[in-house]
>>> print(open('start_33.tsv').read())   # TSV, C-alpha atoms
chain	number	residue	atom	x	y	z
A	1	MET	CA	1.97	-14.35	25.67
A	2	SER	CA	4.09	-11.26	26.12
A	3	GLU	CA	5.19	-8.88	23.44
A	4	HIS	CA	8.11	-9.74	21.21
A	5	ILE	CA	10.43	-6.83	20.36
A	6	VAL	CA	11.86	-7.25	16.86
A	7	SER	CA	15.53	-6.29	16.77
A	8	LEU	CA	16.89	-3.35	14.75
A	9	LYS	CA	19.05	-5.75	12.75
A	10	VAL	CA	15.94	-7.57	11.50
A	11	TYR	CA	14.23	-4.28	10.53
A	12	PHE	CA	17.25	-3.07	8.52
A	13	THR	CA	17.76	-6.46	6.85
A	14	ILE	CA	14.11	-6.52	5.73
A	15	PHE	CA	14.40	-2.93	4.50
A	16	ILE	CA	17.43	-3.82	2.35
A	17	ALA	CA	15.62	-6.89	0.99
A	18	LEU	CA	12.65	-4.68	0.04
A	19	MET	CA	14.97	-2.23	-1.74
A	20	VAL	CA	16.62	-5.09	-3.67
A	21	GLY	CA	13.13	-6.37	-4.57
A	22	THR	CA	12.15	-2.92	-5.88
A	23	ALA	CA	15.29	-2.70	-8.03
A	24	LEU	CA	14.69	-6.25	-9.32
A	25	THR	CA	11.07	-5.53	-10.23
A	26	VAL	CA	12.07	-2.40	-12.22
A	27	TRP	CA	14.83	-4.34	-14.00
A	28	ALA	CA	12.52	-7.27	-14.77
A	29	GLY	CA	9.82	-4.90	-16.06
A	30	LEU	CA	12.23	-3.62	-18.72
A	31	GLN	CA	13.18	-7.11	-19.95
A	32	ASP	CA	11.29	-8.82	-22.74
A	33	PHE	CA	10.55	-12.23	-21.24
A	34	PRO	CA	8.69	-14.83	-23.34
A	35	GLY	CA	4.91	-15.27	-22.98
A	36	PRO	CA	3.27	-14.23	-19.71
A	37	LEU	CA	6.57	-14.44	-17.80
A	38	ASN	CA	6.77	-10.65	-17.24
A	39	VAL	CA	3.55	-10.67	-15.16
A	40	ILE	CA	4.57	-13.81	-13.29
A	41	VAL	CA	7.99	-12.38	-12.34
A	42	ALA	CA	6.46	-9.02	-11.30
A	43	LEU	CA	3.79	-10.65	-9.12
A	44	THR	CA	6.23	-13.13	-7.57
A	45	ILE	CA	8.53	-10.31	-6.46
A	46	ALA	CA	5.53	-8.29	-5.15
A	47	VAL	CA	4.22	-11.29	-3.17
A	48	ILE	CA	7.66	-11.91	-1.63
A	49	LYS	CA	7.97	-8.22	-0.66
A	50	ALA	CA	4.45	-8.18	0.82
A	51	THR	CA	5.19	-11.38	2.77
A	52	LEU	CA	8.34	-9.83	4.28
A	53	VAL	CA	6.36	-6.72	5.33
A	54	VAL	CA	3.57	-8.81	6.87
A	55	LEU	CA	5.89	-11.21	8.72
A	56	TYR	CA	8.45	-8.73	10.07
A	57	PHE	CA	7.25	-5.10	9.89
A	58	MET	CA	3.74	-6.16	10.93
A	59	HIS	CA	5.10	-8.70	13.44
A	60	VAL	CA	2.85	-11.55	12.27
A	61	ARG	CA	5.72	-14.00	12.57
A	62	TYR	CA	5.77	-13.27	16.33
A	63	SER	CA	2.00	-12.89	16.77
A	64	SER	CA	-0.59	-15.21	18.29
A	65	ARG	CA	-2.36	-17.94	16.32
A	66	LEU	CA	-5.49	-15.80	16.35
A	67	ILE	CA	-3.78	-13.11	14.24
A	68	TRP	CA	-2.58	-15.78	11.81
A	69	VAL	CA	-6.13	-17.09	11.42
A	70	VAL	CA	-7.54	-13.59	10.84
A	71	PHE	CA	-4.90	-12.84	8.20
A	72	ALA	CA	-5.40	-16.22	6.51
A	73	SER	CA	-9.15	-15.56	6.40
A	74	ALA	CA	-8.48	-12.37	4.42
A	75	LEU	CA	-6.58	-14.36	1.79
A	76	PHE	CA	-9.33	-17.00	1.79
A	77	TRP	CA	-12.12	-14.50	1.12
A	78	LEU	CA	-9.99	-12.69	-1.45
A	79	GLY	CA	-9.62	-16.06	-3.18
A	80	ILE	CA	-13.42	-16.48	-3.21
A	81	LEU	CA	-13.84	-12.96	-4.63
A	82	PHE	CA	-11.45	-13.69	-7.50
A	83	ALA	CA	-12.47	-17.31	-8.17
A	84	LEU	CA	-16.24	-16.82	-8.28
A	85	THR	CA	-16.21	-13.51	-10.19
A	86	PHE	CA	-13.70	-14.81	-12.73
A	87	GLY	CA	-15.75	-18.01	-13.01
A	88	ASP	CA	-18.63	-15.81	-14.09
A	89	TYR	CA	-16.67	-13.80	-16.69
A	90	TRP	CA	-14.80	-16.79	-18.13
A	91	THR	CA	-17.90	-18.88	-18.71
A	92	ARG	CA	-20.10	-16.15	-20.24
A	93	GLY	CA	-18.91	-17.11	-23.73
A	94	TRP	CA	-20.14	-20.69	-23.22
A	95	LEU	CA	-23.81	-19.70	-23.43
B	1	MET	CA	-8.80	12.00	32.42
B	2	GLY	CA	-11.12	12.07	35.48
B	3	ALA	CA	-13.67	9.28	35.02
B	4	PRO	CA	-11.57	6.65	33.17
B	5	LEU	CA	-8.74	7.21	35.63
B	6	ALA	CA	-11.03	6.68	38.60
B	7	ALA	CA	-12.33	3.46	37.04
B	8	ALA	CA	-8.81	2.24	36.36
B	9	VAL	CA	-7.73	2.86	39.93
B	10	GLU	CA	-10.04	0.04	40.98
B	11	HIS	CA	-7.72	-2.34	39.12
B	12	GLU	CA	-4.79	-3.69	40.99
B	13	HIS	CA	-1.47	-2.46	39.53
B	14	SER	CA	-3.45	-0.09	37.33
B	15	HIS	CA	-1.96	2.00	34.53
B	16	PRO	CA	-3.67	5.28	33.50
B	17	ALA	CA	-4.14	3.94	29.95
B	18	LEU	CA	-5.82	0.69	31.06
B	19	GLN	CA	-9.52	0.72	30.17
B	20	HIS	CA	-11.88	-0.65	32.82
B	21	HIS	CA	-13.23	-3.50	30.64
B	22	PHE	CA	-9.80	-5.15	30.32
B	23	GLU	CA	-8.09	-7.32	32.91
B	24	ASN	CA	-4.65	-5.93	32.21
B	25	LEU	CA	-2.58	-4.04	29.62
B	26	GLU	CA	-1.51	-7.25	27.90
B	27	GLN	CA	-5.12	-8.21	27.21
B	28	GLN	CA	-5.89	-4.67	26.07
B	29	ARG	CA	-2.93	-4.74	23.68
B	30	GLU	CA	-3.94	-8.07	22.15
B	31	ALA	CA	-7.53	-6.88	21.70
B	32	GLY	CA	-6.42	-3.65	20.03
B	33	THR	CA	-4.08	-5.47	17.66
B	34	LEU	CA	-6.76	-8.03	16.78
B	35	GLY	CA	-9.25	-5.22	16.12
B	36	MET	CA	-6.86	-3.53	13.69
B	37	TRP	CA	-6.26	-6.84	11.89
B	38	VAL	CA	-10.00	-7.41	11.47
B	39	PHE	CA	-10.26	-3.90	10.00
B	40	LEU	CA	-7.35	-4.69	7.65
B	41	VAL	CA	-9.21	-7.81	6.44
B	42	THR	CA	-12.06	-5.55	5.31
B	43	GLU	CA	-9.48	-3.26	3.69
B	44	ILE	CA	-7.96	-6.19	1.78
B	45	MET	CA	-11.44	-7.03	0.46
B	46	PHE	CA	-12.06	-3.36	-0.41
B	47	PHE	CA	-8.87	-3.05	-2.47
B	48	GLY	CA	-9.38	-6.63	-3.70
B	49	GLY	CA	-12.44	-5.55	-5.66
B	50	MET	CA	-10.39	-2.92	-7.48
B	51	PHE	CA	-7.54	-5.36	-8.10
B	52	PHE	CA	-10.13	-7.67	-9.63
B	53	ALA	CA	-11.45	-4.91	-11.94
B	54	TYR	CA	-7.85	-4.23	-12.96
B	55	THR	CA	-7.17	-7.91	-13.73
B	56	LEU	CA	-10.38	-8.27	-15.73
B	57	TYR	CA	-9.88	-5.22	-17.96
B	58	ARG	CA	-6.18	-5.84	-18.38
B	59	THR	CA	-7.03	-9.33	-19.72
B	60	LYS	CA	-9.65	-7.78	-22.01
B	61	PHE	CA	-7.55	-4.85	-23.31
B	62	PRO	CA	-3.88	-5.92	-23.01
B	63	ASP	CA	-2.48	-3.56	-25.69
B	64	SER	CA	-4.43	-0.53	-24.46
B	65	PHE	CA	-3.35	-1.15	-20.87
B	66	ALA	CA	0.29	-1.43	-21.98
B	67	THR	CA	-0.07	1.83	-23.94
B	68	ALA	CA	-1.55	3.67	-20.96
B	69	SER	CA	0.96	2.19	-18.52
B	70	ASN	CA	3.88	3.33	-20.69
B	71	HIS	CA	2.58	6.88	-20.43
B	72	LEU	CA	3.01	6.86	-16.63
B	73	SER	CA	6.32	8.17	-15.28
B	74	LEU	CA	8.47	5.19	-14.29
B	75	PRO	CA	11.09	7.37	-12.46
B	76	LEU	CA	8.42	9.07	-10.33
B	77	GLY	CA	6.69	5.74	-9.60
B	78	ALA	CA	9.98	4.08	-8.63
B	79	VAL	CA	11.08	7.00	-6.43
B	80	ASN	CA	7.70	6.92	-4.70
B	81	THR	CA	8.09	3.18	-4.05
B	82	VAL	CA	11.44	3.83	-2.36
B	83	VAL	CA	9.99	6.75	-0.35
B	84	LEU	CA	7.08	4.62	0.87
B	85	ILE	CA	9.21	1.60	1.84
B	86	LEU	CA	11.56	3.99	3.66
B	87	SER	CA	8.54	5.41	5.53
B	88	SER	CA	7.59	1.85	6.52
B	89	LEU	CA	11.07	1.42	7.99
B	90	THR	CA	10.81	4.68	9.98
B	91	MET	CA	7.33	3.60	11.18
B	92	ALA	CA	8.74	0.24	12.33
B	93	LEU	CA	11.55	2.12	14.11
B	94	ALA	CA	8.96	4.38	15.78
B	95	VAL	CA	7.20	1.27	17.16
B	96	TYR	CA	10.58	-0.06	18.32
B	97	SER	CA	11.41	3.25	20.04
B	98	ALA	CA	8.09	3.17	21.90
B	99	GLN	CA	8.68	-0.45	22.96
B	100	VAL	CA	12.09	0.33	24.43
B	101	GLY	CA	10.88	3.62	25.92
B	102	LYS	CA	12.99	6.10	23.92
B	103	ARG	CA	10.66	9.08	23.69
B	104	ARG	CA	12.98	11.33	21.66
B	105	ASN	CA	13.55	8.62	19.03
B	106	LEU	CA	9.81	7.90	18.91
B	107	ILE	CA	9.13	11.58	18.15
B	108	LEU	CA	11.96	11.68	15.57
B	109	PHE	CA	10.73	8.60	13.69
B	110	LEU	CA	7.10	9.73	13.77
B	111	VAL	CA	8.18	13.07	12.24
B	112	LEU	CA	10.26	11.24	9.60
B	113	THR	CA	7.30	9.01	8.72
B	114	ILE	CA	5.03	12.07	8.36
B	115	VAL	CA	7.64	13.80	6.16
B	116	LEU	CA	8.12	10.74	3.92
B	117	GLY	CA	4.36	10.15	3.67
B	118	SER	CA	3.86	13.78	2.67
B	119	ALA	CA	6.69	13.51	0.12
B	120	PHE	CA	4.91	10.51	-1.43
B	121	LEU	CA	1.69	12.55	-1.69
B	122	GLY	CA	3.59	15.50	-3.19
B	123	ILE	CA	5.13	13.30	-5.91
B	124	LYS	CA	1.69	11.78	-6.54
B	125	ALA	CA	0.25	15.29	-6.98
B	126	VAL	CA	2.94	16.08	-9.59
B	127	GLU	CA	1.96	12.92	-11.48
B	128	TYR	CA	-1.76	13.79	-11.31
B	129	ARG	CA	-0.96	17.25	-12.69
B	130	ASP	CA	0.90	15.68	-15.64
B	131	LYS	CA	-2.18	13.59	-16.42
B	132	TYR	CA	-4.34	16.72	-16.21
B	133	VAL	CA	-2.09	18.58	-18.64
B	134	ASP	CA	-2.19	15.67	-21.12
B	135	HIS	CA	-6.03	15.44	-20.89
B	136	LEU	CA	-5.84	11.96	-19.39
B	137	ILE	CA	-8.29	12.48	-16.49
B	138	PRO	CA	-11.03	9.97	-17.48
B	139	GLY	CA	-14.58	10.98	-18.36
B	140	LYS	CA	-15.57	14.53	-17.47
B	141	LEU	CA	-14.34	14.47	-13.87
B	142	ILE	CA	-12.66	17.87	-14.31
B	143	PRO	CA	-15.07	20.48	-15.76
B	144	GLY	CA	-13.74	21.86	-19.03
B	145	ASN	CA	-11.00	19.24	-19.29
B	146	PRO	CA	-12.56	15.97	-20.54
B	147	PHE	CA	-10.56	12.85	-21.41
B	148	ASN	CA	-9.09	13.77	-24.79
B	149	PRO	CA	-5.43	12.73	-25.19
B	150	ALA	CA	-3.43	13.47	-28.34
B	151	VAL	CA	-2.35	10.32	-30.20
B	152	ALA	CA	1.18	10.21	-31.61
B	153	ALA	CA	1.61	9.44	-35.31
B	154	HIS	CA	4.17	6.82	-36.36
B	155	GLY	CA	7.67	8.15	-35.62
B	156	ASP	CA	6.43	10.99	-33.40
B	157	THR	CA	8.28	10.84	-30.06
B	158	ASP	CA	6.36	13.58	-28.17
B	159	PRO	CA	6.09	12.17	-24.61
B	160	HIS	CA	2.83	14.08	-24.02
B	161	LYS	CA	1.05	12.04	-26.69
B	162	LEU	CA	-0.25	8.47	-26.42
B	163	HIS	CA	1.91	5.95	-28.26
B	164	LEU	CA	-0.55	3.21	-29.17
B	165	VAL	CA	0.87	-0.32	-28.94
B	166	GLY	CA	-0.57	-3.11	-31.14
B	167	ASN	CA	-4.38	-3.00	-31.20
B	168	ALA	CA	-4.71	-0.31	-28.53
B	169	LYS	CA	-7.73	2.01	-28.66
B	170	VAL	CA	-8.13	5.38	-26.98
B	171	LYS	CA	-11.49	4.38	-25.46
B	172	GLU	CA	-9.85	1.36	-23.77
B	173	VAL	CA	-6.96	3.53	-22.58
B	174	GLU	CA	-9.60	5.61	-20.79
B	175	MET	CA	-10.64	2.46	-18.85
B	176	PHE	CA	-7.06	2.09	-17.62
B	177	TYR	CA	-7.14	5.64	-16.32
B	178	TRP	CA	-10.44	5.08	-14.51
B	179	ILE	CA	-8.83	2.17	-12.70
B	180	TYR	CA	-5.54	4.04	-12.22
B	181	PHE	CA	-7.25	7.02	-10.57
B	182	ALA	CA	-9.60	4.85	-8.50
B	183	MET	CA	-6.76	2.73	-7.12
B	184	THR	CA	-4.06	5.36	-6.64
B	185	GLY	CA	-6.73	7.83	-5.44
B	186	MET	CA	-8.04	5.45	-2.76
B	187	HIS	CA	-4.44	4.67	-1.85
B	188	ALA	CA	-3.67	8.40	-1.53
B	189	ILE	CA	-6.75	8.94	0.68
B	190	HIS	CA	-5.46	6.17	2.94
B	191	MET	CA	-2.09	7.94	3.05
B	192	ILE	CA	-3.73	11.29	3.96
B	193	ILE	CA	-5.68	9.62	6.79
B	194	GLY	CA	-2.46	7.90	7.90
B	195	VAL	CA	-0.52	11.18	8.01
B	196	ALA	CA	-3.37	12.82	9.97
B	197	LEU	CA	-3.40	9.97	12.52
B	198	LEU	CA	0.41	10.09	12.77
B	199	SER	CA	0.14	13.78	13.67
B	200	VAL	CA	-2.25	12.90	16.51
B	201	LEU	CA	0.21	10.20	17.70
B	202	LEU	CA	3.03	12.74	17.51
B	203	TYR	CA	1.10	15.07	19.84
B	204	PHE	CA	0.55	12.33	22.43
B	205	ALA	CA	4.14	11.08	22.04
B	206	TRP	CA	5.26	14.64	22.74
B	207	ARG	CA	3.13	14.60	25.90
B	208	GLY	CA	4.94	11.42	26.90
B	209	ARG	CA	1.94	9.09	26.84
B	210	TYR	CA	3.71	6.12	25.19
B	211	GLY	CA	6.34	3.93	26.79
B	212	PRO	CA	7.35	0.27	27.21
B	213	GLU	CA	4.14	-0.53	29.14
B	214	TYR	CA	1.66	1.21	26.87
B	215	HIS	CA	2.18	1.90	23.15
B	216	ASN	CA	-0.62	0.02	21.41
B	217	PRO	CA	-1.80	3.08	19.40
B	218	VAL	CA	1.69	3.38	17.86
B	219	GLU	CA	1.73	-0.35	17.11
B	220	ILE	CA	-1.69	-0.54	15.43
B	221	LEU	CA	-1.18	2.62	13.40
B	222	GLY	CA	2.06	0.93	12.29
B	223	LEU	CA	0.00	-2.05	11.07
B	224	TYR	CA	-2.23	0.32	9.08
B	225	TRP	CA	0.78	2.15	7.61
B	226	HIS	CA	2.50	-1.08	6.52
B	227	PHE	CA	-0.77	-2.27	4.96
B	228	VAL	CA	-0.93	0.89	2.83
B	229	ASP	CA	2.70	0.20	1.87
B	230	ILE	CA	1.77	-3.33	0.77
B	231	ILE	CA	-1.02	-2.01	-1.49
B	232	TRP	CA	1.56	0.19	-3.22
B	233	ILE	CA	4.02	-2.73	-3.52
B	234	PHE	CA	1.37	-4.35	-5.77
B	235	LEU	CA	0.19	-1.16	-7.49
B	236	PHE	CA	3.67	-0.13	-8.63
B	237	PRO	CA	4.50	-3.11	-10.89
B	238	LEU	CA	0.88	-3.60	-12.00
B	239	LEU	CA	0.30	0.01	-13.04
B	240	TYR	CA	3.75	1.32	-14.02
B	241	LEU	CA	5.60	-1.69	-15.40
B	242	LEU	CA	3.09	-3.73	-17.35
B	243	GLY	CA	4.02	-2.69	-20.90
B	244	ARG	CA	7.57	-1.36	-20.76
B	245	HIS	CA	9.08	-4.40	-22.44
B	246	LEU	CA	6.77	-3.93	-25.44
B	247	LEU	CA	8.53	-0.65	-26.25
B	248	HIS	CA	11.64	-2.56	-27.39
B	249	SER	CA	9.79	-4.97	-29.63
B	250	ALA	CA	7.44	-2.33	-31.07
>>> encode(input="start_33.tsv", output="structure tokens")
Amino acid sequence: MSEHIVSLKVYFTIFIALMVGTALTVWAGLQDFPGPLNVIVALTIAVIKATLVVLYFMHVRYSSRLIWVVFASALFWLGILFALTFGDYWTRGWL
Amino acid sequence: MGAPLAAAVEHEHSHPALQHHFENLEQQREAGTLGMWVFLVTEIMFFGGMFFAYTLYRTKFPDSFATASNHLSLPLGAVNTVVLILSSLTMALAVYSAQVGKRRNLILFLVLTIVLGSAFLGIKAVEYRDKYVDHLIPGKLIPGNPFNPAVAAHGDTDPHKLHLVGNAKVKEVEMFYWIYFAMTGMHAIHMIIGVALLSVLLYFAWRGRYGPEYHNPVEILGLYWHFVDIIWIFLFPLLYLLGRHLLHSA
């Protein structure tokens, strides 16, 4: 598999999307949304921005399956870290 | 150059940068990229632990975390976010320049990335100084300047004082600042290492080592740089924006 060169147009489009995301996240942070919606909106925008960086700036979209698996494993282990440790803290009150 | 070059010459169609244990440059490139990704997995776990600590204490002390977050400078945090994303763009353009063999552009974009990275660190230093002045460095990390912020009375608008929201307590605000300094501090150390490595790349780019055939060091340092950018993409809303909306309703 030979190297894929991402075009300049793609880089600039992603950059503009990231700038729009930054502006949106500041705007949303100043709004008083009901309940936990502020956190949800902030994290959704951050996850979208991070996904764009990973797929295009870090070339994962054009990378081999092996890179995909390695990256997915990071998310998997991060999930274990959060799930098991939170499981501990949440259930301490049950004793 | 002597020994590795001699070993590489044994390869057919050898390139000076091809190490003897690889079949060809393509295999070497894939291996290097994979190695950097494995390192980034460990980095995700490393920062993951701190993100977990943040989540836990934010759930425990929501009002105190909102109070502390509101004391951070939103303009400086937002400007730094723009600076860092811009540096990611220049880094991506540096990789592109190496891929298409434009040495002058590669040097230009590496310099721009170094300048933007340093600007980020400069703004961060200004923010840290503000926290020092307001006695918000947690514990007794700085001799003679322990954590001891002034608390604003009702109606007092002095921005140097803490404006407690809801059930916020100064002791819990201190926990936010432990996490703030741990996370932004580790992030800043990663930036400093990144700028140092970029300077090394700049030297070799100047010497003309990177071109369309061989540019893996530029590519994998790019991966590292974008990773550090991603950490900030999460840190910015989580640290700077978590309690702003409470200011209206307070």
>>> residues_around(input="start_33.tsv", residues="range 42-56 of chain A", least_positions_apart="5", cutoff="7 Å", atoms="all atoms listed in the file", output="list of chain:residue names")
A:Ile14, A:Leu18, A:Gly21, A:Thr25, A:Arg61, B:His226, B:Ile230, B:Ile233, B:Phe234, B:Pro237
>>> atom_distance(input="start_33.tsv", atom1="CA of Leu197 in chain B", atom2="CA of Val111 in chain B")
12.0 Å
>>> atom_distance(input="start_33.tsv", atom1="CA of Leu108 in chain B", atom2="CA of Ser7 in chain A")
18.4 Å
>>> closest_residue(input="start_33.tsv", among="B:Leu72, B:Ile123, B:Ile220, B:Tyr128", to="His160 in chain B", atoms="all atoms listed in the file")
B:Leu72
>>> closest_residue(input="start_33.tsv", among="A:Val69, A:Ile80, A:Ala28, A:Ile5", to="Phe57 in chain A", atoms="only C-alpha atoms")
A:Ile5
>>> closest_residue(input="start_33.tsv", among="B:Ser87, B:His21, B:Ile44, B:Gln28", to="Ala72 in chain A", atoms="all atoms listed in the file")
B:Ile44
>>> closest_atom_pairs(input="start_33.tsv", of="chain B", to="chain A", cutoff="8 Å", atoms="all atoms listed in the file", output="tab-separated table")
residue	atom	partner	partner_atom	distance
B:Glu26	CA	A:Ser2	CA	7.1
B:Leu34	CA	A:Ile67	CA	6.4
B:Trp37	CA	A:Val70	CA	7.0
B:Val38	CA	A:Val70	CA	6.7
B:Val41	CA	A:Ala74	CA	5.0
B:Thr42	CA	A:Ala74	CA	7.8
B:Ile44	CA	A:Ala74	CA	6.7
B:Met45	CA	A:Leu78	CA	6.1
B:Gly48	CA	A:Leu78	CA	6.5
B:Gly49	CA	A:Leu81	CA	7.6
B:Phe52	CA	A:Phe82	CA	6.5
B:Leu56	CA	A:Phe86	CA	7.9
B:Ala78	CA	A:Val26	CA	7.7
B:Thr81	CA	A:Thr22	CA	7.6
B:Val82	CA	A:Met19	CA	7.0
B:Ile85	CA	A:Leu18	CA	7.4
B:Leu86	CA	A:Phe15	CA	7.5
B:Ser88	CA	A:Phe57	CA	7.7
B:Leu89	CA	A:Phe15	CA	6.5
B:Ala92	CA	A:Phe57	CA	6.1
B:Leu93	CA	A:Leu8	CA	7.7
B:Tyr96	CA	A:Ile5	CA	7.1
B:Gln99	CA	A:Ile5	CA	7.1
B:Gly222	CA	A:Met58	CA	7.4
B:Leu223	CA	A:Met58	CA	5.6
B:His226	CA	A:Met58	CA	6.8
B:Ile230	CA	A:Ala50	CA	5.5
B:Ile233	CA	A:Ala46	CA	6.0
B:Phe234	CA	A:Ala46	CA	5.8
B:Pro237	CA	A:Ala42	CA	6.2
B:Leu238	CA	A:Ala42	CA	7.8
B:Leu241	CA	A:Gly29	CA	5.3
B:Leu242	CA	A:Gly29	CA	7.0
B:Gly243	CA	A:Gly29	CA	7.9
B:Arg244	CA	A:Leu30	CA	5.6
B:His245	CA	A:Leu30	CA	4.9
B:Leu246	CA	A:Asp32	CA	7.2
B:His248	CA	A:Asp32	CA	7.8
>>> atom_distance(input="start_33.tsv", atom1="CA of Ile114 in chain B", atom2="CA of Thr90 in chain B")
9.5 Å
